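Worksheet: the structure to be examined is printed underneath.
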Amino acid sequence: MRTGIVLPQIGPASSPEAIVRAAQRAEALGYDGVWVTDRLLYPLQPQTPYPGTPDGSLPAVYRRVFDPLETLALAAAHTRRASLGTSVLDMPFYNPVVLARRLTTLDVLSGGRLRVGLGQGWSKDEYDAVGIAPQRLGRRADEFIQVLTAIWTTDPVEFHGRFFHVPRSIIQPKPVQKPHPPLYLAGYVPSALRRAATLASAWHVVGVPLDGMRQMSEALRTMARDAGRDPATVEVVVRANLHITEAPLGPDRWIFTGTLDQIREDVAATRQLGAAELIFDPTFSPGVDSEREFVAAMETIRRLV
């Protein structure tokens, strides 16, 4: 099972210097990849509850966010081996033609280390800010991925759909990785799982209990088989938003929360589940408010796994 770490790109520990030093330290520690996340704004009166907390409140770390792709470009310039991943870019925020060019550039400049995690987002405030209605996002996502792959794999490129149009054009360069960088698709409803099973290299999951992950992984494999794919070619990539405590939490705790021993159990169970990669994010843990504390958490987690 590969391991990754989310860079200090958000919250009080984030800075250009912290991003560089954390990326270099991650590579030195043997992490397989460094990752970034995507948030546009911190609404003061949110219209949508945050899905990652029991009470729906938005974590204060989201008040400060560096752009994900510029962060990865900085990390790419100061590392040599680690993969560079997005966990995840929210497709409604982007035009796929512009994003394809940016992602291709990052893959070329990094020597083919890009991993592209995509999702749909969840915040109505962010949808409003980019002028996207929350309806028909699934159909838009299907076209979005088709445009990306067309630009990455064909030349000249031409695409005409309901949401996007690309006139017959030459769009160069192409990614280093063939046929294109790995696509990791997030989502939990059946249509999102089916999209991952048919179009992606991996299903990317966060915040789902182990029993739920097991059931959804089985459904993913069935959907891949029904689509004519070898289920073994569709990986499960798990993100662990850590909340480390001194005292053990009860049986109703969220996955990857609690003491290091409890989190170690979650890691072992995730490995047994057959996950191909586990990406840790120390940002949400109590006491991780500086670069030094962030790097210390990275080192602790690396020893743990």
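Each chain in the structure tokens gets a letter, A, B and so on, in the order shown; residues start at 1 in every chain, and ligands are counted from 1 in the order they appear.
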- Task: List every residue of stretch 257-294 of chain A that DSSP, applied to the backbone of this structure, assigns to helix (DSSP H, G or I), and report them as a PyMOL selection string.
- Result: chain A and resi 260-273+282-284+291-294
- Message: List the spatial neighbours of stretch 177-180 of chain A as a PyMOL selection string - criterion: any atom at most 10 Å away, only C-alpha atoms, same-chain residues fewer than 2 positions off excluded.
- Response: chain A and resi 104+107-108+111-116+148-154+174-175+182-183
For the selection just defined, write its residues with C-alpha atoms to a file, as a tab-separated table (two decimals), in the first residue's frame.
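part-v5.tsv, written as the output of this step:
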chain	number	residue	atom	x	y	z
A	104	THR	CA	-0.38	18.80	-18.74
A	107	ASP	CA	2.99	16.62	-15.64
A	108	VAL	CA	5.63	17.65	-18.17
A	111	GLY	CA	8.72	14.48	-15.42
A	112	GLY	CA	5.44	12.59	-15.32
A	113	ARG	CA	4.60	12.56	-11.60
A	114	LEU	CA	1.04	13.94	-11.66
A	115	ARG	CA	-2.00	12.20	-10.12
A	116	VAL	CA	-5.33	13.89	-10.89
A	148	LEU	CA	-9.68	16.14	-20.50
A	149	THR	CA	-8.94	12.73	-21.98
A	150	ALA	CA	-9.58	13.93	-25.54
A	151	ILE	CA	-7.10	16.79	-25.13
A	152	TRP	CA	-4.54	14.49	-23.53
A	153	THR	CA	-4.77	11.66	-26.07
A	154	THR	CA	-5.75	13.06	-29.49
A	174	LYS	CA	0.78	16.13	-24.34
A	175	PRO	CA	1.39	14.62	-20.88
A	182	PRO	CA	-3.96	8.62	-13.55
A	183	LEU	CA	-7.47	9.84	-12.76
- Item | atom CA of A:Pro156 to atom CA of A:Arg168, straight-line distance in Å |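 Atom CA of A:Arg168 sits 6.1 Å away from atom CA of A:Pro156.
Backbone DSSP of stretch 34-200 of chain A yields strand (DSSP E) at Val34, Trp35, Val36, Ser83, Leu84, Gly85, Thr86, Leu89, Asp90, Leu114, Arg115, Val116, Gly117, Leu118, Gly119, Val157, Glu158, Phe159, His160, His165, Val166, Pro167, Arg168, Ser169, Leu183, Tyr184, Leu185 and Ala186 of chain A.
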- Message: Give me, as a list in words, all polymer residues having an atom no more than 12 Å from A:Asp261, counting only C-alpha atoms and skipping those fewer than 2 positions away in the same chain.
- Response: Ile244, Thr245, Glu246, Ala247, Pro248, Leu249, Phe256, Thr257, Gly258, Thr259, Ile263, Arg264, Glu265, Asp266, Val267, Ala268, Thr300, Ile301, Leu304 and Val305 of chain A
Would you write out those residues with N, CA and C atoms, as a short mmCIF file (atom, residue, chain, number, x, y, z; two decimals), in the first residue's frame?
data_model
loop_
_atom_site.label_atom_id
_atom_site.label_comp_id
_atom_site.auth_asym_id
_atom_site.auth_seq_id
_atom_site.Cartn_x
_atom_site.Cartn_y
_atom_site.Cartn_z
N ILE A 244 -5.76 13.37 15.95
CA ILE A 244 -5.03 12.56 16.92
C ILE A 244 -5.30 13.08 18.32
N THR A 245 -5.67 12.17 19.22
CA THR A 245 -5.98 12.54 20.60
C THR A 245 -5.09 11.76 21.57
N GLU A 246 -4.95 12.27 22.78
CA GLU A 246 -4.18 11.57 23.81
C GLU A 246 -4.98 10.41 24.40
N ALA A 247 -6.28 10.63 24.62
CA ALA A 247 -7.12 9.59 25.21
C ALA A 247 -7.90 8.86 24.12
N PRO A 248 -8.15 7.57 24.30
CA PRO A 248 -8.91 6.81 23.31
C PRO A 248 -10.32 7.36 23.15
N LEU A 249 -10.81 7.31 21.92
CA LEU A 249 -12.20 7.69 21.65
C LEU A 249 -13.07 6.45 21.67
N PHE A 256 -9.92 7.13 11.45
CA PHE A 256 -8.66 7.88 11.51
C PHE A 256 -8.70 9.00 12.54
N THR A 257 -9.49 8.82 13.57
CA THR A 257 -9.48 9.72 14.72
C THR A 257 -9.21 8.89 15.97
N GLY A 258 -8.65 9.55 16.99
CA GLY A 258 -8.36 8.86 18.24
C GLY A 258 -6.87 8.80 18.50
N THR A 259 -6.46 7.87 19.34
CA THR A 259 -5.05 7.72 19.67
C THR A 259 -4.30 7.11 18.49
N ILE A 263 -5.63 4.77 15.42
CA ILE A 263 -5.39 5.09 14.01
C ILE A 263 -4.58 3.98 13.34
N ARG A 264 -3.63 3.37 14.09
CA ARG A 264 -2.88 2.23 13.55
C ARG A 264 -3.84 1.09 13.17
N GLU A 265 -4.84 0.86 13.99
CA GLU A 265 -5.84 -0.17 13.66
C GLU A 265 -6.58 0.17 12.37
N ASP A 266 -6.93 1.45 12.19
CA ASP A 266 -7.61 1.87 10.96
C ASP A 266 -6.71 1.67 9.74
N VAL A 267 -5.42 1.98 9.91
CA VAL A 267 -4.47 1.80 8.81
C VAL A 267 -4.39 0.32 8.42
N ALA A 268 -4.28 -0.55 9.43
CA ALA A 268 -4.20 -1.98 9.16
C ALA A 268 -5.47 -2.48 8.47
N THR A 300 5.71 11.29 12.72
CA THR A 300 5.01 10.34 13.59
C THR A 300 4.18 9.35 12.76
N ILE A 301 3.45 9.87 11.79
CA ILE A 301 2.59 9.01 10.97
C ILE A 301 3.44 8.05 10.13
N LEU A 304 4.39 5.27 12.21
CA LEU A 304 3.23 4.46 12.55
C LEU A 304 2.90 3.44 11.46
N VAL A 305 3.13 3.81 10.20
CA VAL A 305 2.78 2.90 9.10
C VAL A 305 4.00 2.12 8.60
#
- Task: Have a look at A:Ala18, A:Leu58, A:Val97, A:Val6 and name the one nearest to A:Arg292; count only C-alpha atoms.
- Result: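 Nearest to A:Arg292: A:Ala18.
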